[in-house]
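Trainee: entry_20.cif is the file, holding mmCIF, C-alpha atoms:
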data_coords
loop_
_atom_site.label_atom_id
_atom_site.label_comp_id
_atom_site.auth_asym_id
_atom_site.auth_seq_id
_atom_site.Cartn_x
_atom_site.Cartn_y
_atom_site.Cartn_z
CA MET O 1 0.00 0.00 0.00
CA PRO O 2 1.51 3.37 -0.95
CA THR O 3 2.26 5.87 1.79
CA LEU O 4 1.20 9.48 1.40
CA LEU O 5 3.62 10.85 3.98
CA SER O 6 7.35 10.79 3.44
CA PRO O 7 10.23 12.75 4.96
CA ILE O 8 11.15 15.91 3.10
CA THR O 9 14.93 16.40 3.15
CA PRO O 10 15.79 19.35 0.92
CA ALA O 11 19.44 20.08 0.37
CA VAL O 12 21.55 22.19 -1.90
CA THR O 13 24.69 20.83 -3.56
CA ARG O 14 27.70 23.11 -3.86
CA PRO O 15 29.96 22.76 -6.92
CA GLU O 16 32.54 20.85 -4.89
CA GLY O 17 29.88 18.26 -4.05
CA VAL O 18 29.29 19.21 -0.39
CA ARG O 19 25.61 18.97 0.50
CA VAL O 20 24.41 21.84 2.70
CA ARG O 21 21.11 21.51 4.52
CA ARG O 22 18.80 24.49 4.22
CA ILE O 23 15.62 25.74 5.83
CA PRO O 24 12.30 24.62 4.31
CA ARG O 25 10.88 26.85 1.59
CA VAL O 26 7.46 28.49 1.53
CA VAL O 27 5.07 28.84 -1.40
CA GLY O 28 4.76 32.33 -2.88
CA ALA O 29 7.78 33.85 -1.18
CA ASP O 30 8.37 36.25 -4.09
CA ALA O 31 4.75 36.99 -5.00
CA PRO O 32 4.40 40.57 -6.33
CA VAL O 33 1.92 42.99 -4.74
CA PRO O 34 0.65 46.36 -5.99
CA LEU O 35 1.67 49.70 -4.51
CA ARG O 36 -0.31 52.91 -4.24
CA ASP O 37 1.76 54.56 -6.99
CA GLY O 38 0.86 51.82 -9.48
CA GLY O 39 4.12 49.91 -9.19
CA ARG O 40 4.60 46.35 -7.99
CA ILE O 41 7.10 44.87 -5.56
CA PRO O 42 7.84 41.41 -4.10
CA TYR O 43 5.76 41.02 -0.94
CA ALA O 44 7.55 41.39 2.40
CA ASN O 45 5.42 39.12 4.56
CA LEU O 46 6.01 40.07 8.19
CA ASP O 47 2.74 38.64 9.50
CA TYR O 48 3.66 35.01 10.17
CA ALA O 49 2.23 35.07 13.69
CA ALA O 50 -1.26 35.51 12.24
CA SER O 51 -1.05 32.88 9.47
CA ALA O 52 2.07 31.40 7.94
CA PRO O 53 2.24 30.62 4.22
CA CYS O 54 2.25 27.05 2.99
CA LEU O 55 5.51 25.11 2.96
CA GLU O 56 6.48 23.67 -0.40
CA ALA O 57 6.79 20.29 1.36
CA VAL O 58 3.22 20.63 2.62
CA HIS O 59 1.94 21.54 -0.83
CA GLU O 60 3.67 18.47 -2.24
CA ALA O 61 2.26 16.17 0.47
CA VAL O 62 -1.30 17.37 -0.19
CA ALA O 63 -0.82 16.94 -3.95
CA ARG O 64 0.33 13.34 -3.36
CA ALA O 65 -2.71 12.66 -1.19
CA LEU O 66 -5.38 14.03 -3.50
CA PRO O 67 -5.52 11.11 -6.00
CA TYR O 68 -6.29 8.74 -3.08
CA TYR O 69 -8.54 11.09 -1.12
CA SER O 70 -11.46 9.16 0.34
CA SER O 71 -13.42 8.49 3.52
CA VAL O 72 -11.61 7.65 6.75
CA HIS O 73 -12.32 4.67 9.04
CA ARG O 74 -15.51 3.77 7.21
CA GLY O 75 -14.60 2.34 3.83
CA ALA O 76 -13.25 -0.98 2.56
CA GLY O 77 -12.11 0.40 -0.77
CA TYR O 78 -8.44 0.81 -1.57
CA ALA O 79 -8.51 4.63 -1.56
CA SER O 80 -10.27 4.61 1.79
CA GLN O 81 -7.67 2.26 3.24
CA VAL O 82 -4.83 4.44 1.96
CA THR O 83 -6.42 7.62 3.28
CA THR O 84 -7.17 6.07 6.66
CA ALA O 85 -3.58 4.90 6.96
CA ALA O 86 -2.29 8.37 6.06
CA TYR O 87 -4.62 9.99 8.57
CA GLU O 88 -3.48 7.77 11.43
CA GLU O 89 0.14 8.09 10.35
CA ALA O 90 -0.32 11.85 10.57
CA ARG O 91 -1.51 11.44 14.15
CA GLU O 92 1.65 9.52 15.08
CA THR O 93 3.83 12.10 13.31
CA VAL O 94 2.24 14.84 15.40
CA ARG O 95 2.68 12.77 18.57
CA ALA O 96 6.41 12.45 17.87
CA PHE O 97 6.68 16.15 16.92
CA LEU O 98 5.26 17.15 20.31
CA GLY O 99 7.18 14.57 22.32
CA ALA O 100 3.84 13.40 23.68
CA TRP O 101 3.62 10.32 25.88
CA ARG O 102 2.77 7.16 23.94
CA ARG O 103 -0.65 6.82 25.57
CA SER O 104 -1.59 10.48 25.18
CA ALA O 105 -4.60 11.45 23.13
CA VAL O 106 -3.88 13.34 19.90
CA VAL O 107 -7.14 14.89 18.71
CA PHE O 108 -7.35 16.74 15.42
CA THR O 109 -9.30 19.99 15.69
CA ARG O 110 -9.67 23.12 13.58
CA ASN O 111 -7.11 25.30 15.38
CA THR O 112 -5.83 26.29 18.83
CA THR O 113 -9.10 28.04 19.71
CA ASP O 114 -11.04 24.89 18.89
CA SER O 115 -8.57 22.81 20.91
CA MET O 116 -8.86 24.98 24.02
CA ASN O 117 -12.64 25.01 23.77
CA LEU O 118 -12.59 21.21 23.51
CA LEU O 119 -10.47 21.01 26.65
CA ALA O 120 -12.78 23.47 28.43
CA HIS O 121 -15.70 21.23 27.47
CA ALA O 122 -13.89 18.15 28.80
CA VAL O 123 -12.62 19.36 32.17
CA PRO O 124 -14.54 17.82 35.09
CA ALA O 125 -17.35 19.84 36.67
CA GLY O 126 -16.03 22.22 39.29
CA THR O 127 -12.52 22.45 37.86
CA SER O 128 -10.69 25.60 38.96
CA VAL O 129 -8.73 27.19 36.12
CA VAL O 130 -5.87 29.65 36.61
CA VAL O 131 -4.88 31.77 33.61
CA PHE O 132 -2.84 34.94 33.10
CA GLU O 133 -4.44 37.99 31.51
CA THR O 134 -1.49 38.00 29.07
CA GLU O 135 -3.00 35.06 27.17
CA HIS O 136 -4.42 35.03 23.67
CA HIS O 137 -8.21 34.95 23.77
CA ALA O 138 -8.13 31.30 22.70
CA SER O 139 -6.69 30.44 26.11
CA LEU O 140 -8.27 33.26 28.11
CA LEU O 141 -11.97 32.97 27.30
CA PRO O 142 -13.22 29.34 27.13
CA TRP O 143 -13.22 28.50 30.85
CA ARG O 144 -16.38 28.32 32.95
CA ARG O 145 -14.59 29.01 36.24
CA ALA O 146 -11.31 30.89 35.97
CA VAL O 147 -9.01 32.98 38.12
CA ARG O 148 -7.24 35.61 35.99
CA LEU O 149 -3.80 36.62 37.15
CA PRO O 150 -2.29 40.02 36.23
CA ALA O 151 0.74 40.32 33.97
CA PRO O 152 3.80 39.16 35.94
CA ALA O 153 6.83 41.44 36.13
CA THR O 154 9.33 38.57 35.69
CA PRO O 155 9.29 34.89 34.74
CA ALA O 156 9.97 34.02 38.38
CA GLU O 157 6.96 36.07 39.42
CA ALA O 158 4.84 34.16 36.92
CA VAL O 159 5.80 30.90 38.59
CA SER O 160 5.23 32.18 42.14
CA ALA O 161 1.89 33.79 41.21
CA ALA O 162 0.66 30.57 39.61
CA ASP O 163 1.85 28.60 42.64
CA ARG O 164 -0.06 30.85 45.06
CA ALA O 165 -3.22 30.90 42.96
CA LEU O 166 -3.34 27.12 42.56
CA ARG O 167 -2.69 26.62 46.25
CA SER O 168 -5.65 28.88 47.04
CA CYS O 169 -8.10 27.12 44.72
CA PRO O 170 -10.97 25.13 46.26
CA VAL O 171 -10.53 21.40 46.68
CA GLY O 172 -11.10 19.63 43.40
CA PRO O 173 -9.60 19.45 39.90
CA ARG O 174 -7.29 22.32 38.97
CA LEU O 175 -5.83 23.46 35.66
CA LEU O 176 -3.14 26.03 34.88
CA VAL O 177 -3.34 27.50 31.37
CA VAL O 178 -0.28 29.30 29.97
CA THR O 179 1.32 30.25 26.69
CA ALA O 180 4.66 28.88 25.56
CA ALA O 181 5.52 31.98 23.49
CA SER O 182 3.58 35.23 23.57
CA ASN O 183 1.78 36.16 20.39
CA VAL O 184 2.29 39.83 21.31
CA THR O 185 5.95 40.05 22.33
CA GLY O 186 7.35 36.67 21.29
CA GLU O 187 8.73 36.19 24.81
CA LEU O 188 9.16 32.60 25.97
CA TRP O 189 7.35 31.58 29.14
CA PRO O 190 8.95 29.27 31.74
CA VAL O 191 6.66 26.35 31.00
CA ALA O 192 8.82 23.70 32.69
CA GLU O 193 8.85 25.65 35.98
CA LEU O 194 5.13 26.40 35.64
CA ALA O 195 4.45 22.70 35.07
CA ARG O 196 6.31 21.83 38.26
CA ALA O 197 4.31 24.48 40.15
CA ALA O 198 1.07 23.03 38.81
CA HIS O 199 1.98 19.48 39.77
CA ARG O 200 3.10 20.55 43.26
CA ASN O 201 -0.46 21.71 43.79
CA GLY O 202 -2.16 18.68 42.31
CA ALA O 203 -3.04 20.60 39.16
CA ARG O 204 -2.60 19.94 35.45
CA ILE O 205 -1.09 22.35 32.95
CA ALA O 206 -2.32 23.16 29.43
CA VAL O 207 0.03 25.05 27.11
CA ASP O 208 -0.94 27.16 24.13
CA ALA O 209 1.94 26.26 21.82
CA ALA O 210 0.62 28.02 18.71
CA GLN O 211 3.42 30.59 18.58
CA LEU O 212 6.20 28.29 19.75
CA VAL O 213 6.04 25.23 17.52
CA PRO O 214 6.69 27.07 14.22
CA HIS O 215 9.98 28.30 15.73
CA ARG O 216 11.26 25.80 18.32
CA PRO O 217 10.79 22.13 19.22
CA LEU O 218 8.39 21.24 22.04
CA ASP O 219 8.86 18.10 24.14
CA MET O 220 5.76 17.59 26.26
CA THR O 221 7.21 14.65 28.16
CA ALA O 222 10.47 16.38 29.04
CA LEU O 223 8.67 19.56 30.11
CA GLY O 224 6.01 17.73 32.09
CA LEU O 225 3.06 19.15 30.14
CA ASP O 226 -0.37 17.58 30.51
CA TYR O 227 -1.89 19.23 27.40
CA ALA O 228 -0.63 21.19 24.41
CA ALA O 229 -2.56 22.85 21.60
CA PHE O 230 -1.47 24.40 18.31
CA SER O 231 -2.74 25.42 14.87
CA GLY O 232 -1.71 24.17 11.47
CA HIS O 233 -2.22 27.57 9.88
CA LYS O 234 0.61 28.97 12.00
CA LEU O 235 2.79 25.93 11.27
CA TYR O 236 2.95 26.46 7.48
CA ALA O 237 0.04 24.05 6.94
CA PRO O 238 -2.94 26.30 6.10
CA PHE O 239 -5.49 23.55 5.53
CA GLY O 240 -7.77 24.05 8.53
CA ALA O 241 -6.38 21.57 11.08
CA GLY O 242 -5.17 21.96 14.65
CA VAL O 243 -4.30 19.64 17.52
CA LEU O 244 -5.08 19.05 21.17
CA ALA O 245 -2.67 16.51 22.65
CA GLY O 246 -2.41 15.27 26.20
CA ARG O 247 -3.81 13.12 28.96
CA ALA O 248 -6.75 11.09 27.73
CA ASP O 249 -8.80 10.50 30.88
CA TRP O 250 -10.74 13.79 30.96
CA LEU O 251 -11.36 13.55 27.22
CA ARG O 252 -12.57 9.95 27.45
CA ALA O 253 -14.93 10.79 30.32
CA ALA O 254 -16.54 13.82 28.64
CA ASP O 255 -19.49 13.68 26.30
CA PRO O 256 -18.44 14.25 22.69
CA TYR O 257 -17.55 17.83 21.87
CA LEU O 258 -19.60 17.33 18.69
CA LYS O 259 -22.18 14.57 18.47
CA GLY O 260 -22.48 12.59 15.25
CA GLY O 261 -21.04 9.83 13.14
CA GLY O 262 -17.73 8.47 14.31
CA ALA O 263 -18.21 9.66 17.88
CA SER O 264 -20.82 6.98 18.50
CA ALA O 265 -20.07 3.31 19.07
CA SER O 266 -23.74 2.23 19.03
CA VAL O 267 -26.99 4.09 18.48
CA GLY O 268 -30.43 2.77 19.39
CA ALA O 269 -32.84 3.60 22.14
CA THR O 270 -29.74 4.83 23.91
CA THR O 271 -26.38 5.94 22.54
CA ARG O 272 -23.04 4.50 23.52
CA TRP O 273 -20.15 6.80 22.73
CA ALA O 274 -16.79 5.66 21.34
CA PRO O 275 -14.38 4.92 24.20
CA ALA O 276 -11.22 6.36 22.58
CA ALA O 277 -10.68 10.10 23.07
CA GLU O 278 -9.77 10.63 19.41
CA GLN O 279 -12.91 8.97 18.06
CA ARG O 280 -15.14 10.52 20.68
CA HIS O 281 -14.09 14.07 19.78
CA GLU O 282 -13.59 13.78 16.01
CA ALA O 283 -17.20 13.38 14.94
CA GLY O 284 -18.11 13.59 11.27
CA SER O 285 -15.79 13.22 8.30
CA PRO O 286 -12.42 14.49 9.53
CA ASN O 287 -10.21 16.99 7.79
CA VAL O 288 -7.90 14.41 6.25
CA LEU O 289 -5.97 16.81 4.05
CA GLY O 290 -5.51 19.17 7.00
CA ALA O 291 -4.04 16.36 9.10
CA ILE O 292 -1.73 15.24 6.26
CA ALA O 293 -0.61 18.83 5.69
CA LEU O 294 0.05 19.38 9.37
CA ALA O 295 2.09 16.18 9.64
CA ALA O 296 4.13 17.11 6.57
CA ALA O 297 4.97 20.44 8.20
CA CYS O 298 6.00 18.66 11.41
CA THR O 299 8.30 16.38 9.43
CA ALA O 300 9.88 19.21 7.44
CA LEU O 301 10.52 21.38 10.50
CA SER O 302 11.75 18.59 12.77
CA SER O 303 14.80 17.93 10.64
CA ARG O 304 15.80 21.60 10.43
CA TRP O 305 15.52 23.08 13.91
CA ASP O 306 19.13 24.24 14.14
CA GLU O 307 18.99 26.00 10.77
CA ILE O 308 15.54 27.47 11.48
CA ALA O 309 16.62 28.87 14.86
CA ALA O 310 19.82 30.37 13.44
CA HIS O 311 17.93 31.99 10.55
CA GLU O 312 15.31 33.43 12.85
CA GLN O 313 17.62 34.67 15.57
CA ALA O 314 19.81 36.55 13.09
CA LEU O 315 16.78 38.30 11.61
CA THR O 316 15.18 38.94 15.00
CA GLY O 317 18.36 40.57 16.26
CA ARG O 318 18.52 42.71 13.13
CA LEU O 319 14.88 43.76 13.50
CA ARG O 320 15.03 44.60 17.21
CA ALA O 321 18.30 46.49 16.91
CA GLY O 322 16.82 48.53 14.08
CA LEU O 323 13.62 49.29 16.02
CA SER O 324 15.61 50.41 19.06
CA ALA O 325 17.54 52.88 16.91
CA LEU O 326 14.36 54.67 15.80
CA PRO O 327 13.65 57.48 18.29
CA ARG O 328 9.83 57.51 17.99
CA VAL O 329 9.37 53.74 17.91
CA ARG O 330 8.85 51.77 21.14
CA GLU O 331 8.98 47.99 21.18
CA LEU O 332 6.57 46.34 23.61
CA SER O 333 8.01 43.90 26.12
CA LEU O 334 6.83 42.32 29.34
CA TRP O 335 10.20 41.20 30.71
CA GLY O 336 12.73 43.49 29.04
CA GLY O 337 14.86 43.40 25.94
CA ARG O 338 17.05 40.47 27.00
CA ALA O 339 14.23 37.99 27.58
CA PRO O 340 14.46 35.03 25.16
CA ARG O 341 11.86 35.14 22.42
CA VAL O 342 10.78 33.92 19.02
CA GLY O 343 10.66 36.17 15.97
CA ILE O 344 7.85 38.52 17.00
CA ALA O 345 8.15 42.24 17.75
CA SER O 346 5.24 44.55 18.55
CA PHE O 347 5.71 48.28 18.71
CA THR O 348 4.09 51.69 18.70
CA VAL O 349 5.06 54.77 16.68
CA ASP O 350 4.64 58.11 18.40
CA GLY O 351 2.17 60.30 16.58
CA TRP O 352 0.81 57.48 14.45
CA ASN O 353 -2.26 55.30 14.78
CA ALA O 354 -1.32 51.62 14.47
CA ARG O 355 -3.80 51.08 11.64
CA ASP O 356 -2.37 53.97 9.64
CA VAL O 357 1.13 52.58 10.11
CA ALA O 358 0.07 49.17 8.81
CA LEU O 359 -1.80 50.61 5.83
CA THR O 360 1.11 52.87 4.88
CA LEU O 361 3.58 49.99 5.10
CA SER O 362 1.34 47.94 2.82
CA GLU O 363 0.37 50.55 0.26
CA GLU O 364 3.72 52.31 -0.08
CA HIS O 365 6.24 49.53 0.64
CA GLY O 366 4.56 46.16 0.01
CA ILE O 367 4.99 45.10 3.65
CA GLY O 368 2.43 43.01 5.51
CA VAL O 369 2.18 43.46 9.29
CA ARG O 370 -0.61 43.13 11.85
CA ASP O 371 -2.15 46.03 13.77
CA GLY O 372 -4.57 46.14 16.67
CA ARG O 373 -4.60 44.09 19.87
CA PHE O 374 -3.87 40.69 18.30
CA CYS O 375 -6.73 38.82 20.07
CA ALA O 376 -4.94 39.58 23.35
CA HIS O 377 -6.79 42.74 24.36
CA PRO O 378 -5.96 42.89 28.09
CA PHE O 379 -2.26 42.28 27.43
CA VAL O 380 -1.87 44.85 24.65
CA ARG O 381 -3.77 47.42 26.68
CA HIS O 382 -1.37 46.75 29.55
CA LEU O 383 1.72 47.20 27.38
CA ALA O 384 0.49 49.98 25.08
CA GLY O 385 -1.15 52.21 27.68
CA GLY O 386 -4.64 51.24 26.58
CA GLY O 387 -3.96 51.69 22.87
CA THR O 388 -3.14 49.45 19.93
CA ALA O 389 0.14 48.36 18.37
CA VAL O 390 1.83 47.12 15.22
CA ARG O 391 3.28 43.60 15.10
CA ALA O 392 6.03 42.34 12.79
CA SER O 393 6.53 38.58 12.87
CA LEU O 394 9.18 36.58 11.08
CA GLY O 395 9.22 33.17 9.47
CA LEU O 396 10.93 30.88 7.02
CA GLY O 397 10.35 33.17 4.04
CA THR O 398 11.65 36.29 5.76
CA THR O 399 14.84 37.82 4.38
CA GLU O 400 17.25 40.56 5.46
CA GLU O 401 15.80 42.72 2.70
CA HIS O 402 12.31 42.38 4.22
CA VAL O 403 13.57 43.48 7.64
CA ASP O 404 15.59 46.36 6.20
CA ARG O 405 12.63 47.47 4.08
CA LEU O 406 10.49 47.67 7.22
CA LEU O 407 13.09 49.62 9.15
CA THR O 408 13.63 52.06 6.28
CA ALA O 409 9.88 52.57 5.93
CA LEU O 410 9.45 53.19 9.66
CA ALA O 411 12.32 55.66 9.65
CA GLY O 412 10.50 57.54 6.90
CA LEU O 413 7.27 57.54 8.90
CA THR O 414 8.96 59.01 11.95
CA GLU O 415 10.24 61.92 9.85
CA ARG O 416 6.83 62.94 8.50
#
Mind converting the file's structure to structure tokens?

Mentor:
Amino acid sequence: MPTLLSPITPAVTRPEGVRVRRIPRVVGADAPVPLRDGGRIPYANLDYAASAPCLEAVHEAVARALPYYSSVHRGAGYASQVTTAAYEEARETVRAFLGAWRRSAVVFTRNTTDSMNLLAHAVPAGTSVVVFETEHHASLLPWRRAVRLPAPATPAEAVSAADRALRSCPVGPRLLVVTAASNVTGELWPVAELARAAHRNGARIAVDAAQLVPHRPLDMTALGLDYAAFSGHKLYAPFGAGVLAGRADWLRAADPYLKGGGASASVGATTRWAPAAEQRHEAGSPNVLGAIALAAACTALSSRWDEIAAHEQALTGRLRAGLSALPRVRELSLWGGRAPRVGIASFTVDGWNARDVALTLSEEHGIGVRDGRFCAHPFVRHLAGGGTAVRASLGLGTTEEHVDRLLTALAGLTER
């Protein structure tokens, strides 16, 4: 039976025959965009934190899957068998990518928001949830009973605040919800220490990994994480799939998140739900191509982490140094300039509305950035004095020219 998933190992060969590994390539990296003056320029995509473009390896994996696309888990035909095998292989690829425990559930969802809402649906009645106000709305809003903690001044304060809050929760199930990397500042959170604090207090920890996994590896087992969620559209797999991975018991005990075919084991006068967490919470025909795309991205990134990190850190340093040199530009940060981070920088420009900055960058310079509060309203208000901000985020298709174009454009704005 043919396999639809295979490792992607791009390399470039120098004339002397030495093979040099390179970072994965994205589709449409040089796509031209129109400017206000009627000209056209290659797009400088600096909005990866919102949605990353498709990897070439992902595009190829989906193209290979399409001729055999069929139903999953329900058909005896050859195409159905091939597609089912690819779908379950994708699940195991994701499990390995996350370093999830062998018996963990890996549930395919639509995105991180869907994953966190699934977990909120599955937590036992009376569960106390502790969450920081610095979270993305996907992690901040779904919980029925939550204690919101203010923005911590340091990583150590984050750990001590979570420890105190969990210790003060009523007797019963407890859950700490944190980000791995901020979608506003890119700063990395001390998830290993937070996991230890949670477990000291008999709590579980759920990590929003949406902004981390496109940039750095995540090992759930090594970090002691009970749950992790992420989105394919931020992982260079824009085909509508996400993941919730973690301990299966709460998921197995909960009624299906969606009720329908696949979630049911037997339907008659009464309904008996499927016992496995994955079946129980993947009702209906699943997003097979989304799962295959997501797994292909996991495979492509996993073999390139050193190159990806080096590429990103060089560009992030260039970007942040350039922003700091602009007198009317202020980068937003929770823990200071030296805090480790992924390739995200949010900033304000004195005298300019964030929306006007973003529109000018697009219309005059062919640069794509995000403006607003980035679905993290309390956090951006805290950092930006109640206002909005501009966010530049880097990825695999970002070049030095893109960063320099942004800095030159901002310098021009500050002189108007």

Trainee: Taking the file above as input, evaluate the PyMOL selection byres ((chain O and resi 304-318) around 8) and report the hits as a list in words.

Mentor: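 Evaluating the PyMOL selection byres ((chain O and resi 304-318) around 8) on this file yields Arg21, Arg22, Ile23, Pro24, His215, Arg216, Pro217, Ala300, Leu301, Ser302, Ser303, Leu319, Arg320, Ala321, Gly322, Val342, Gly343, Ile344, Leu394, Gly395, Leu396, Thr399, Glu400 and Val403 of chain O.
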
Trainee: Skipping near chain neighbours, those fewer than 5 positions away, what residues fall within 12 Å of Ala63 of chain O using all atoms listed in the file, listed as a PyMOL selection string?

Mentor: chain O and resi 4-5+56-58+68-69+289+292-293+296

Trainee: Using only C-alpha atoms, can you list as number ranges by chain the residues within 12 Å of (0.0, 13.3, 1.5)?

Mentor: O: 2-8, 57-69, 82-90, 288-297, 299

Trainee: Let me know the residues the PyMOL selection byres ((chain O and resi 145) around 12) catches in the file above, as a list in words.

Mentor: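 That expression, the PyMOL selection byres ((chain O and resi 145) around 12), corresponds here to Ala120, His121, Val123, Pro124, Ala125, Gly126, Thr127, Ser128, Val129, Val130, Val131, Leu140, Leu141, Pro142, Trp143, Arg144, Ala146, Val147, Arg148, Cys169, Pro170, Pro173, Arg174, Leu175 and Leu176 of chain O.
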
Trainee: Taking every listed atom of segment 301-319 of chain O and adding 8 Å to each side, what centre and edge lengths in Å (one decimal) does the axis-aligned box have, as JSON?

Mentor:
{"center_x": 15.2, "center_y": 30.8, "center_z": 13.3, "size_x": 25.3, "size_y": 41.8, "size_z": 21.8}

Trainee: So how far away is atom CA of Pro53 of chain O from atom CA of Gly39 of chain O, in Å?

Mentor: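 Answer for the atom CA of Gly39 of chain O to atom CA of Pro53 of chain O separation: 23.6 Å.
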
Trainee: Running the PyMOL selection byres ((chain O and resi 238) around 10) on this model by hand, what would come out? Give it as an MDAnalysis selection string.

Mentor: chainID O and resid 51:55 58:59 231:237 239:242 290 293:294

Trainee: Let me see the file: selected residues, C-alpha atoms, as a PDB file, keeping the file's coordinate frame.

Mentor:
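Output file again-v2.pdb follows:
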ATOM      1  CA  SER O  51      -1.050  32.880   9.470  1.00  0.00           C
ATOM      2  CA  ALA O  52       2.070  31.400   7.940  1.00  0.00           C
ATOM      3  CA  PRO O  53       2.240  30.620   4.220  1.00  0.00           C
ATOM      4  CA  CYS O  54       2.250  27.050   2.990  1.00  0.00           C
ATOM      5  CA  LEU O  55       5.510  25.110   2.960  1.00  0.00           C
ATOM      6  CA  VAL O  58       3.220  20.630   2.620  1.00  0.00           C
ATOM      7  CA  HIS O  59       1.940  21.540  -0.830  1.00  0.00           C
ATOM      8  CA  SER O 231      -2.740  25.420  14.870  1.00  0.00           C
ATOM      9  CA  GLY O 232      -1.710  24.170  11.470  1.00  0.00           C
ATOM     10  CA  HIS O 233      -2.220  27.570   9.880  1.00  0.00           C
ATOM     11  CA  LYS O 234       0.610  28.970  12.000  1.00  0.00           C
ATOM     12  CA  LEU O 235       2.790  25.930  11.270  1.00  0.00           C
ATOM     13  CA  TYR O 236       2.950  26.460   7.480  1.00  0.00           C
ATOM     14  CA  ALA O 237       0.040  24.050   6.940  1.00  0.00           C
ATOM     15  CA  PHE O 239      -5.490  23.550   5.530  1.00  0.00           C
ATOM     16  CA  GLY O 240      -7.770  24.050   8.530  1.00  0.00           C
ATOM     17  CA  ALA O 241      -6.380  21.570  11.080  1.00  0.00           C
ATOM     18  CA  GLY O 242      -5.170  21.960  14.650  1.00  0.00           C
ATOM     19  CA  GLY O 290      -5.510  19.170   7.000  1.00  0.00           C
ATOM     20  CA  ALA O 293      -0.610  18.830   5.690  1.00  0.00           C
ATOM     21  CA  LEU O 294       0.050  19.380   9.370  1.00  0.00           C
TER      22      LEU O 294
END

Trainee: Here is a test: counting only C-alpha atoms, which residue of O:Thr221, O:Ala274, O:His377, O:Tyr227 is nearest to Ala96 of chain O?

Mentor: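 Answer, going by the shortest atom-to-atom distance: O:Thr221.
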
Trainee: Neighbours of Glu133 of chain O within 6 Å (only C-alpha atoms; same-chain residues fewer than 2 positions away dropped), as a ChimeraX atom specification?

Mentor: /O:135,148-150

Trainee: Rounded to one decimal, what separation in Å do you get between atom CA of Val106 of chain O and atom CA of Ala228 of chain O?

Mentor: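 About the pair atom CA of Val106 of chain O and atom CA of Ala228 of chain O: they are 9.6 Å apart.
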
Trainee: What is the atom CA of Phe97 of chain O-atom CA of Asn117 of chain O distance in Å, reported with one decimal?

Mentor: 22.3 Å
